[in-house]
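Text of query.txt, listed as compact mmCIF, C-alpha atoms:
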# COMPACT_ATOMS: atom_id res chain seq x y z
CA MET A 1 -62.88 -14.18 -40.56
CA SER A 2 -64.68 -15.90 -37.77
CA THR A 3 -64.23 -14.67 -34.25
CA ILE A 4 -65.48 -16.43 -31.15
CA SER A 5 -68.50 -14.14 -30.96
CA ASP A 6 -69.23 -14.78 -34.64
CA LEU A 7 -69.15 -18.49 -33.95
CA LYS A 8 -71.59 -17.99 -31.09
CA LYS A 9 -73.89 -16.08 -33.45
CA LEU A 10 -73.53 -18.81 -36.05
CA GLU A 11 -74.32 -21.42 -33.41
CA GLN A 12 -77.43 -19.50 -32.34
CA LYS A 13 -78.53 -19.02 -35.95
CA THR A 14 -77.96 -22.66 -36.76
CA TYR A 15 -79.85 -23.77 -33.68
CA LEU A 16 -82.77 -21.46 -34.39
CA SER A 17 -83.00 -22.67 -37.98
CA TYR A 18 -84.23 -25.94 -36.52
CA HIS A 19 -87.31 -24.18 -35.16
CA GLN A 20 -88.33 -22.61 -38.46
CA ASP A 21 -90.48 -25.64 -39.16
CA GLY A 22 -93.39 -24.52 -36.96
CA LEU A 23 -93.72 -27.95 -35.34
CA LEU A 24 -93.21 -26.50 -31.88
CA ASP A 25 -95.93 -23.94 -32.55
CA LEU A 26 -98.31 -26.60 -33.87
CA ILE A 27 -97.86 -28.70 -30.76
CA ILE A 28 -98.14 -25.75 -28.34
CA GLY A 29 -101.23 -24.52 -30.21
CA ALA A 30 -102.82 -27.97 -30.17
CA ILE A 31 -102.15 -28.37 -26.44
CA ILE A 32 -103.73 -25.00 -25.63
CA LEU A 33 -106.63 -25.80 -27.96
CA GLY A 34 -106.98 -29.10 -26.09
CA LEU A 35 -107.22 -27.22 -22.78
CA GLY A 36 -110.05 -25.15 -24.23
CA MET A 37 -111.80 -28.25 -25.62
CA LYS A 38 -111.48 -29.96 -22.24
CA GLU A 39 -113.31 -27.02 -20.67
CA VAL A 40 -116.05 -27.26 -23.29
CA PHE A 41 -116.53 -31.05 -23.38
CA ASP A 42 -115.25 -31.89 -19.90
CA SER A 43 -113.42 -34.98 -21.15
CA SER A 44 -109.90 -36.15 -20.37
CA ILE A 45 -109.47 -37.37 -23.95
CA TRP A 46 -108.04 -33.93 -24.75
CA ASN A 47 -105.33 -34.38 -22.13
CA ILE A 48 -104.42 -37.73 -23.69
CA ALA A 49 -104.35 -36.12 -27.13
CA ALA A 50 -101.99 -33.43 -25.80
CA ILE A 51 -99.64 -36.06 -24.35
CA LEU A 52 -99.69 -37.96 -27.67
CA LEU A 53 -98.78 -34.77 -29.49
CA ILE A 54 -95.81 -34.17 -27.23
CA ILE A 55 -94.66 -37.75 -27.84
CA ALA A 56 -95.11 -37.22 -31.60
CA TYR A 57 -92.76 -34.23 -31.63
CA VAL A 58 -89.54 -36.21 -32.11
CA PRO A 59 -90.89 -38.52 -34.88
CA LEU A 60 -92.36 -35.48 -36.64
CA LYS A 61 -89.04 -33.68 -36.41
CA ARG A 62 -87.33 -36.77 -37.79
CA GLY A 63 -89.85 -37.16 -40.60
CA ILE A 64 -90.25 -33.51 -41.65
CA THR A 65 -87.29 -31.43 -40.51
CA PHE A 66 -84.25 -33.69 -40.76
CA PRO A 67 -84.78 -34.80 -44.41
CA ARG A 68 -85.04 -31.13 -45.37
CA LEU A 69 -82.57 -29.37 -43.10
CA GLY A 70 -80.26 -32.23 -42.28
CA PHE A 71 -79.31 -33.58 -38.92
CA ALA A 72 -77.04 -31.90 -36.40
CA LYS A 73 -76.34 -32.68 -32.80
CA PHE A 74 -75.84 -29.51 -30.85
CA ASN A 75 -73.59 -29.17 -27.86
CA VAL A 76 -75.62 -29.35 -24.68
CA LYS A 77 -73.73 -26.33 -23.43
CA ARG A 78 -74.73 -23.57 -25.80
CA GLY A 79 -73.65 -19.94 -25.46
CA GLY A 80 -72.18 -20.58 -22.04
CA ILE A 81 -75.57 -21.72 -20.74
CA ASN A 82 -76.17 -25.33 -20.00
CA MET A 83 -79.44 -25.81 -21.86
CA LEU A 84 -80.49 -28.81 -19.80
CA VAL A 85 -80.04 -26.89 -16.56
CA ALA A 86 -81.83 -23.83 -17.99
CA GLY A 87 -84.67 -26.02 -19.28
CA GLY A 88 -84.89 -27.72 -15.89
CA VAL A 89 -85.10 -24.37 -14.12
CA VAL A 90 -87.91 -23.19 -16.44
CA LEU A 91 -89.79 -26.44 -15.97
CA GLY A 92 -89.27 -26.28 -12.20
CA VAL A 93 -90.55 -22.70 -11.98
CA LEU A 94 -93.59 -23.58 -14.09
CA MET A 95 -94.37 -26.70 -12.06
CA LEU A 96 -94.06 -24.70 -8.88
CA LEU A 97 -96.42 -22.06 -10.23
CA VAL A 98 -98.94 -24.60 -11.53
CA PHE A 99 -98.99 -26.69 -8.36
CA GLY A 100 -99.05 -23.57 -6.22
CA MET A 101 -102.02 -22.35 -8.20
CA LEU A 102 -103.82 -25.70 -7.96
CA PHE A 103 -103.18 -25.77 -4.23
CA LEU A 104 -104.61 -22.31 -3.83
CA LEU A 105 -107.62 -23.04 -5.99
CA ARG A 106 -108.50 -26.43 -4.54
CA ALA A 107 -107.55 -26.04 -0.89
CA ASN A 108 -110.43 -26.99 1.34
CA GLY A 109 -111.78 -24.83 4.08
CA SER A 110 -112.52 -21.19 4.14
CA SER A 111 -109.42 -19.15 3.77
CA SER A 112 -109.33 -15.73 5.23
CA SER A 113 -106.72 -14.57 2.73
CA ARG A 114 -108.26 -12.07 0.38
CA LEU A 115 -105.61 -12.89 -2.25
CA ILE A 116 -106.55 -16.59 -2.31
CA LEU A 117 -110.24 -15.76 -2.52
CA TRP A 118 -109.54 -13.33 -5.29
CA ILE A 119 -107.52 -15.94 -7.21
CA ARG A 120 -110.33 -18.48 -6.81
CA GLU A 121 -112.78 -16.01 -8.25
CA ASN A 122 -110.50 -14.86 -11.06
CA PRO A 123 -108.55 -17.90 -12.28
CA LEU A 124 -108.15 -16.56 -15.83
CA ILE A 125 -105.88 -13.79 -14.59
CA LEU A 126 -103.63 -16.36 -12.98
CA TYR A 127 -103.71 -18.60 -16.07
CA GLY A 128 -102.80 -15.59 -18.20
CA LEU A 129 -99.90 -14.67 -15.94
CA LEU A 130 -98.68 -18.28 -15.91
CA ALA A 131 -98.82 -18.47 -19.70
CA PHE A 132 -97.01 -15.13 -19.95
CA ILE A 133 -94.25 -16.25 -17.58
CA GLY A 134 -94.01 -19.70 -19.18
CA PHE A 135 -93.65 -18.43 -22.75
CA GLY A 136 -91.34 -15.64 -21.60
CA LEU A 137 -89.00 -18.03 -19.80
CA ALA A 138 -89.09 -20.48 -22.69
CA GLY A 139 -88.25 -17.61 -25.05
CA LEU A 140 -85.26 -16.69 -22.89
CA VAL A 141 -83.97 -20.26 -22.80
CA VAL A 142 -84.62 -21.26 -26.42
CA GLY A 143 -83.92 -17.81 -27.87
CA LEU A 144 -86.96 -17.89 -30.17
CA LYS A 145 -88.35 -14.39 -30.50
CA ARG A 146 -91.84 -15.55 -31.39
CA LEU A 147 -92.17 -17.14 -27.96
CA PHE A 148 -92.09 -13.60 -26.54
CA VAL A 149 -94.92 -12.72 -28.94
CA TYR A 150 -96.82 -15.74 -27.62
CA ALA A 151 -96.14 -14.54 -24.07
CA LEU A 152 -97.78 -11.20 -24.84
CA LEU A 153 -100.52 -12.84 -26.88
CA SER A 154 -101.39 -15.42 -24.22
CA GLY A 155 -101.29 -12.87 -21.42
CA GLY A 156 -103.43 -10.49 -23.45
CA ILE A 157 -106.00 -13.01 -24.67
CA ILE A 158 -106.45 -14.92 -21.40
CA ILE A 159 -106.45 -11.91 -19.09
CA GLY A 160 -108.49 -9.96 -21.67
CA GLY A 161 -110.99 -12.84 -21.65
CA HIS A 162 -111.43 -12.36 -17.93
CA PHE A 163 -112.16 -8.65 -18.24
CA LEU A 164 -114.53 -9.26 -21.14
CA GLY A 165 -116.38 -11.79 -19.00
CA LEU A 166 -115.87 -14.64 -21.48
CA PRO A 167 -116.28 -18.28 -20.46
CA SER A 168 -112.86 -19.68 -19.52
CA SER A 169 -112.75 -21.99 -22.56
CA ILE A 170 -112.97 -19.18 -25.15
CA PRO A 171 -109.55 -17.53 -24.53
CA PHE A 172 -107.85 -20.94 -24.65
CA LEU A 173 -109.65 -21.91 -27.86
CA LEU A 174 -108.77 -18.56 -29.43
CA LEU A 175 -105.13 -18.65 -28.33
CA GLY A 176 -104.79 -22.29 -29.41
CA TRP A 177 -106.15 -21.54 -32.87
CA VAL A 178 -103.91 -18.48 -33.30
CA ILE A 179 -100.74 -20.40 -32.41
CA LEU A 180 -101.88 -23.40 -34.46
CA ILE A 181 -102.43 -21.22 -37.53
CA ILE A 182 -99.04 -19.53 -37.10
CA GLY A 183 -97.46 -22.99 -36.82
CA ALA A 184 -99.26 -24.20 -39.95
CA PHE A 185 -98.05 -21.18 -41.95
CA LEU A 186 -94.49 -21.70 -40.70
CA LEU A 187 -94.62 -25.40 -41.61
CA ILE A 188 -95.93 -24.74 -45.12
CA GLY A 189 -93.31 -22.03 -45.67
CA PHE A 190 -90.58 -24.31 -44.32
CA MET A 191 -91.58 -27.21 -46.59
CA GLN A 192 -91.66 -24.94 -49.62
CA LYS A 193 -88.32 -23.32 -48.79
CA TYR A 194 -86.54 -26.58 -48.02
CA PRO A 195 -87.51 -29.48 -50.28
CA VAL A 196 -86.42 -32.95 -49.24
CA ILE A 197 -82.83 -33.82 -50.17
CA LYS A 198 -81.90 -37.46 -50.60
CA GLU A 199 -78.52 -38.36 -49.23
CA ASP A 200 -78.03 -41.66 -51.06
CA ASN A 201 -76.15 -40.11 -54.02
CA HIS A 202 -73.03 -39.41 -52.07
CA ALA A 203 -73.36 -42.12 -49.42
CA ASN A 204 -70.67 -44.24 -51.02
CA GLN A 205 -68.17 -41.45 -51.39
CA MET B 1 -52.97 7.24 -38.29
CA PRO B 2 -52.72 3.47 -38.82
CA THR B 3 -49.51 2.24 -40.35
CA SER B 4 -49.22 -1.04 -42.17
CA LYS B 5 -46.21 -3.24 -41.65
CA LEU B 6 -45.54 -5.03 -44.88
CA ASP B 7 -42.23 -6.43 -43.72
CA LYS B 8 -40.76 -9.80 -44.58
CA GLU B 9 -41.90 -11.39 -41.33
CA ASN B 10 -45.54 -10.45 -41.84
CA LEU B 11 -45.54 -11.61 -45.42
CA GLN B 12 -44.05 -14.90 -44.30
CA ARG B 13 -46.90 -15.28 -41.80
CA ILE B 14 -49.37 -14.97 -44.68
CA GLU B 15 -47.56 -17.85 -46.34
CA ASP B 16 -48.01 -19.88 -43.16
CA ILE B 17 -51.80 -19.55 -43.15
CA ASP B 18 -53.35 -23.00 -43.23
CA ARG B 19 -54.56 -23.47 -46.79
CA ASN B 20 -56.65 -26.48 -45.87
CA ILE B 21 -58.90 -24.09 -43.97
CA HIS B 22 -58.34 -20.87 -45.88
CA ALA B 23 -60.43 -21.87 -48.91
CA PRO B 24 -63.89 -20.26 -48.42
CA ALA B 25 -65.79 -23.53 -48.90
CA ARG B 26 -63.67 -25.34 -46.32
CA LEU B 27 -63.74 -22.42 -43.91
CA LYS B 28 -67.54 -22.50 -44.07
CA ILE B 29 -67.55 -26.24 -43.38
CA MET B 30 -65.14 -25.86 -40.47
CA ALA B 31 -67.11 -22.97 -38.98
CA CYS B 32 -70.36 -24.93 -39.22
CA LEU B 33 -68.83 -27.99 -37.62
CA ALA B 34 -67.25 -25.90 -34.88
CA VAL B 35 -70.67 -24.96 -33.52
CA VAL B 36 -72.19 -28.43 -33.45
CA GLU B 37 -71.12 -31.73 -32.00
CA LYS B 38 -71.72 -33.52 -35.29
CA ALA B 39 -73.79 -33.01 -38.41
CA ASP B 40 -74.80 -34.84 -41.54
CA PHE B 41 -74.13 -34.08 -45.20
CA ILE B 42 -77.51 -32.43 -45.82
CA PHE B 43 -77.07 -30.14 -42.85
CA LEU B 44 -73.71 -29.01 -44.19
CA MET B 45 -75.17 -28.47 -47.65
CA ARG B 46 -77.94 -26.32 -46.22
CA GLN B 47 -75.78 -24.33 -43.88
CA THR B 48 -72.86 -23.69 -46.20
CA GLY B 49 -74.89 -23.27 -49.38
CA LEU B 50 -72.45 -25.56 -51.18
CA SER B 51 -73.64 -27.97 -53.83
CA ARG B 52 -73.31 -31.72 -53.42
CA GLY B 53 -70.48 -31.77 -55.98
CA ASN B 54 -68.62 -29.00 -54.22
CA LEU B 55 -69.11 -30.24 -50.69
CA SER B 56 -67.83 -33.80 -51.20
CA PRO B 57 -64.28 -33.01 -52.41
CA ASN B 58 -63.85 -30.34 -49.75
CA LEU B 59 -64.93 -32.78 -47.06
CA ARG B 60 -62.46 -35.30 -48.42
CA LYS B 61 -59.66 -32.73 -48.31
CA LEU B 62 -60.46 -31.86 -44.70
CA GLU B 63 -60.63 -35.55 -43.82
CA GLU B 64 -57.22 -36.12 -45.40
CA ALA B 65 -55.83 -33.32 -43.23
CA ASP B 66 -57.35 -35.09 -40.19
CA TYR B 67 -59.49 -32.04 -39.42
CA ILE B 68 -62.78 -33.91 -39.68
CA LYS B 69 -63.99 -37.43 -39.13
CA ILE B 70 -66.55 -38.88 -41.55
CA GLN B 71 -68.69 -41.82 -40.55
CA LYS B 72 -71.50 -43.63 -42.31
CA GLU B 73 -74.54 -44.32 -40.18
CA PHE B 74 -77.95 -45.77 -40.93
CA VAL B 75 -80.81 -43.80 -39.41
CA ASP B 76 -84.24 -45.34 -40.04
CA ARG B 77 -82.62 -47.51 -42.74
CA ILE B 78 -81.42 -44.40 -44.56
CA PRO B 79 -77.66 -43.98 -44.97
CA ARG B 80 -76.34 -40.80 -43.42
CA THR B 81 -72.89 -39.30 -43.69
CA ILE B 82 -72.06 -37.94 -40.27
CA VAL B 83 -69.26 -35.41 -40.08
CA GLN B 84 -67.48 -34.32 -36.93
CA LEU B 85 -64.63 -31.94 -36.22
CA THR B 86 -61.59 -33.71 -34.77
CA GLU B 87 -59.48 -32.29 -31.94
CA ASN B 88 -56.84 -31.53 -34.58
CA GLY B 89 -59.43 -29.71 -36.65
CA ARG B 90 -60.65 -27.65 -33.73
CA ALA B 91 -57.09 -26.69 -32.82
CA ALA B 92 -56.30 -25.87 -36.46
CA LEU B 93 -59.36 -23.64 -36.73
CA GLU B 94 -58.36 -21.78 -33.59
CA THR B 95 -54.79 -21.38 -34.85
CA TYR B 96 -56.12 -20.18 -38.20
CA ARG B 97 -58.35 -17.63 -36.48
CA GLU B 98 -55.48 -16.31 -34.37
CA SER B 99 -53.11 -16.18 -37.36
CA MET B 100 -55.60 -14.30 -39.51
CA GLN B 101 -56.42 -11.89 -36.73
CA SER B 102 -52.76 -11.25 -36.08
CA VAL B 103 -51.76 -10.87 -39.74
CA LEU B 104 -54.66 -8.57 -40.58
CA SER B 105 -54.24 -6.41 -37.52
CA GLU B 106 -50.53 -5.98 -38.28
CA LEU B 107 -51.08 -5.33 -41.98
CA LEU B 108 -53.93 -2.92 -41.47
CA GLY B 109 -52.24 -1.28 -38.53
CA LYS B 110 -55.11 -1.94 -36.09

Could you write out this file's structure as C-alpha cells?
Amino acid sequence: MSTISDLKKLEQKTYLSYHQDGLLDLIIGAIILGLGMKEVFDSSIWNIAAILLIIAYVPLKRGITFPRLGFAKFNVKRGGINMLVAGGVVLGVLMLLVFGMLFLLRANGSSSSRLILWIRENPLILYGLLAFIGFGLAGLVVGLKRLFVYALLSGGIIIGGHFLGLPSSIPFLLLGWVILIIGAFLLIGFMQKYPVIKEDNHANQ
Amino acid sequence: MPTSKLDKENLQRIEDIDRNIHAPARLKIMACLAVVEKADFIFLMRQTGLSRGNLSPNLRKLEEADYIKIQKEFVDRIPRTIVQLTENGRAALETYRESMQSVLSELLGK
C-alpha cells in the first residue's frame, strides 16, 4: 500500500533513475578537464567547447536516455521544494562566490587586507572550496549522492594540489579525468542495463 | 493486545475497494503516474516492470475508468504514447489509499 511518504520516495527514486546515465558526469568532467586544458594551452577554445557540451546535454539526453528509460515530465515542485527556486539559489550562490573571487583576485591597487593577499597567492584553495561548495549544494538540490563524493574529491584534489605545489592545471586535469571516467562507466553500464525499446508496436493501440 | 474487527461493516468496506486500482499492475501504473506530470509508455514499462502485452490492457482499463488520459504525440518523428493521471484518477488513488489504510488498520487492530 502506498502512503504519501512512499510516493515521495518513489518520486525521488524515479527522478534519480534519470541520472543513472552518467551524462551529467561526462559533461561536468569535460568542463573541468576543459578548465585544466585552458590553463595548459591558454586558449579560449576550451571555454567554447564547454559551452557546446552544456548545450549538447538535452539532445544527448533525448538521444540516449529517453529511448531506453522512456520519457517523463516531473512536477517542478518535487518533495515540497520548488526545484527551480532551489536551482536558482544554488546558481546565485555560486555566481556570487565566483564573481567575488574574481573581484578579489583581479582588483587593482595594493590591498592591505591580508586575506585578499593570501587568496591571490593561493587561488587553488579558493577554487577547491568553491568546487566543494558547488558540488555539495548541487548534491543537496538534485539529491544525487555521487555529487557529494565529487564535492569531497574536488576539494581534496584541488586543495591537495596546492599543498603539493602542483601547477594549477594539474588538479583540474586530474579531477576532470576522474569524473569523466566515472561518467563513461555509468554510461556504458546504463546502456547495457537498458537497451533501446521501440514504441511503435503499441502506438496504434 | 491488538484486536481485529471482522464485523459486517468492515467486510463491506473491503468490497467497496476500487478494483480498477486494486490490481497490482494497475496500482503500480497509478503510483508511477502519481509522481510525475506525464510519462510515456516506455517509462511506464521500465518503472512498473510490466511487459508490453500486460501494460496495454491495464492502461486501457484505467482509461475506461477515466483515471488516466492517453495521448499520441510525435517527438522527433517518433510516435509516443503519453499517459497522464486525470483529476478523477488522482482522487481515486487518494480514496483507495485512505480506504486501504482504514480497512487494514481496523482489521489488524492497529

Point to revise | Minimum-distance residue to B:Glu94, chosen among B:Arg80, B:Lys61, B:Gly109, B:Tyr67 (using only C-alpha atoms) | key: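 Comparing B:Arg80, B:Lys61, B:Gly109, B:Tyr67 against B:Glu94, the winner is B:Tyr67.
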
May I have a table of the residues of chain B lying at most 7 Å from chain A, giving each one's closest pair of atoms and their distance in Å to one decimal, counting all atoms listed in the file, ordered by chain and ascending residue number, as CSV?
residue,atom,partner,partner_atom,distance
B:Val35,CA,A:Glu11,CA,5.1
B:Val36,CA,A:Phe74,CA,4.6
B:Glu37,CA,A:Phe74,CA,5.3
B:Lys38,CA,A:Lys73,CA,5.3
B:Ala39,CA,A:Ala72,CA,4.0
B:Asp40,CA,A:Phe71,CA,5.4
B:Ile42,CA,A:Gly70,CA,4.5
B:Phe43,CA,A:Gly70,CA,3.9
B:Arg46,CA,A:Leu69,CA,6.4
B:Pro79,CA,A:Ala203,CA,6.5
B:Arg80,CA,A:Glu199,CA,6.7
B:Thr81,CA,A:Ala203,CA,6.4
B:Arg97,CA,A:Ser2,CA,6.7

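The coordinates place atom CA of A:Gln20 at 10.6 Å from atom CA of A:Arg146.
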
Practice item. Would you mind reading off the distance between atom CA of A:Gly176 and atom CA of A:Ile32, one decimal, in Å? Key: 4.8 Å

Edge lengths and centre, in Å to one decimal, as AutoDock Vina command-line options: that's what I need for the box along x, y and z that holds all listed atoms of stretch 115-133 of chain A plus 6 Å on each side.
--center_x -103.5 --center_y -15.7 --center_z -11.1 --size_x 30.5 --size_y 17.7 --size_z 29.7

Exercise for review: Please provide as number ranges by chain all residues within 7 Å of A:Ser169, with the sequence filter that same-chain residues fewer than 5 positions apart are discarded (counting only C-alpha atoms).
Suggested key: A: 36, 39-40

**Study point:** Between atom CA of A:Asp42 and atom CA of A:Leu180 - distance in Å to one decimal
**Key:**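 Separation between atom CA of A:Leu180 and atom CA of A:Asp42: 21.5 Å.
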
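Of the listed residues B:Leu108, B:Leu33, B:Ile68, B:Leu62, the one whose atoms come nearest to B:Arg19 is B:Leu62, with distances taken using only C-alpha atoms.
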
So which residues fall inside 9 Å of (-107.7, -19.9, -20.8) if we count only C-alpha atoms? Mind giving them as a PDB file with C-alpha atoms, keeping the file's coordinate frame?
ATOM      1  CA  ILE A  32    -103.730 -25.000 -25.630  1.00  0.00           C
ATOM      2  CA  LEU A  35    -107.220 -27.220 -22.780  1.00  0.00           C
ATOM      3  CA  GLY A  36    -110.050 -25.150 -24.230  1.00  0.00           C
ATOM      4  CA  PRO A 123    -108.550 -17.900 -12.280  1.00  0.00           C
ATOM      5  CA  LEU A 124    -108.150 -16.560 -15.830  1.00  0.00           C
ATOM      6  CA  ILE A 125    -105.880 -13.790 -14.590  1.00  0.00           C
ATOM      7  CA  TYR A 127    -103.710 -18.600 -16.070  1.00  0.00           C
ATOM      8  CA  GLY A 128    -102.800 -15.590 -18.200  1.00  0.00           C
ATOM      9  CA  SER A 154    -101.390 -15.420 -24.220  1.00  0.00           C
ATOM     10  CA  ILE A 157    -106.000 -13.010 -24.670  1.00  0.00           C
ATOM     11  CA  ILE A 158    -106.450 -14.920 -21.400  1.00  0.00           C
ATOM     12  CA  ILE A 159    -106.450 -11.910 -19.090  1.00  0.00           C
ATOM     13  CA  GLY A 161    -110.990 -12.840 -21.650  1.00  0.00           C
ATOM     14  CA  HIS A 162    -111.430 -12.360 -17.930  1.00  0.00           C
ATOM     15  CA  PRO A 167    -116.280 -18.280 -20.460  1.00  0.00           C
ATOM     16  CA  SER A 168    -112.860 -19.680 -19.520  1.00  0.00           C
ATOM     17  CA  SER A 169    -112.750 -21.990 -22.560  1.00  0.00           C
ATOM     18  CA  ILE A 170    -112.970 -19.180 -25.150  1.00  0.00           C
ATOM     19  CA  PRO A 171    -109.550 -17.530 -24.530  1.00  0.00           C
ATOM     20  CA  PHE A 172    -107.850 -20.940 -24.650  1.00  0.00           C
ATOM     21  CA  LEU A 173    -109.650 -21.910 -27.860  1.00  0.00           C
ATOM     22  CA  LEU A 174    -108.770 -18.560 -29.430  1.00  0.00           C
ATOM     23  CA  LEU A 175    -105.130 -18.650 -28.330  1.00  0.00           C
TER      24      LEU A 175
END

**Study point:** Best match for closeness to B:Cys32 among B:Leu85, B:Ala65, B:Val103, B:Ala92, counting all atoms listed in the file
**Key:** B:Leu85

Check your understanding: Could you name the residues that touch A:Ala49 at 10 Å or less, counting all atoms listed in the file, but leaving out those on the same chain fewer than 5 positions away, as a list in words?
Key ->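 Counting all atoms listed in the file, the residues come to Ala30, Ile31, Gly34, Ser44, Ile54 and Ile55 of chain A.
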
Hey, can you pull every residue with an atom no more than 8 Å from (-93.6, -10.7, -22.6), using all atoms listed in the file, and send it as a PDB file with C-alpha atoms, in the frame of the given file?
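Contents of point15.pdb, freshly written:
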ATOM      1  CA  PHE A 132     -97.010 -15.130 -19.950  1.00  0.00           C
ATOM      2  CA  ILE A 133     -94.250 -16.250 -17.580  1.00  0.00           C
ATOM      3  CA  PHE A 135     -93.650 -18.430 -22.750  1.00  0.00           C
ATOM      4  CA  GLY A 136     -91.340 -15.640 -21.600  1.00  0.00           C
ATOM      5  CA  PHE A 148     -92.090 -13.600 -26.540  1.00  0.00           C
ATOM      6  CA  VAL A 149     -94.920 -12.720 -28.940  1.00  0.00           C
ATOM      7  CA  TYR A 150     -96.820 -15.740 -27.620  1.00  0.00           C
ATOM      8  CA  ALA A 151     -96.140 -14.540 -24.070  1.00  0.00           C
ATOM      9  CA  LEU A 152     -97.780 -11.200 -24.840  1.00  0.00           C
TER      10      LEU A 152
END

Review point. Which is closest to B:Thr48 among B:Ala25, B:Ile78, B:Ile70, B:Ala34, if we use all atoms listed in the file?
Key: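 The answer is B:Ala25, which sits nearest to B:Thr48.
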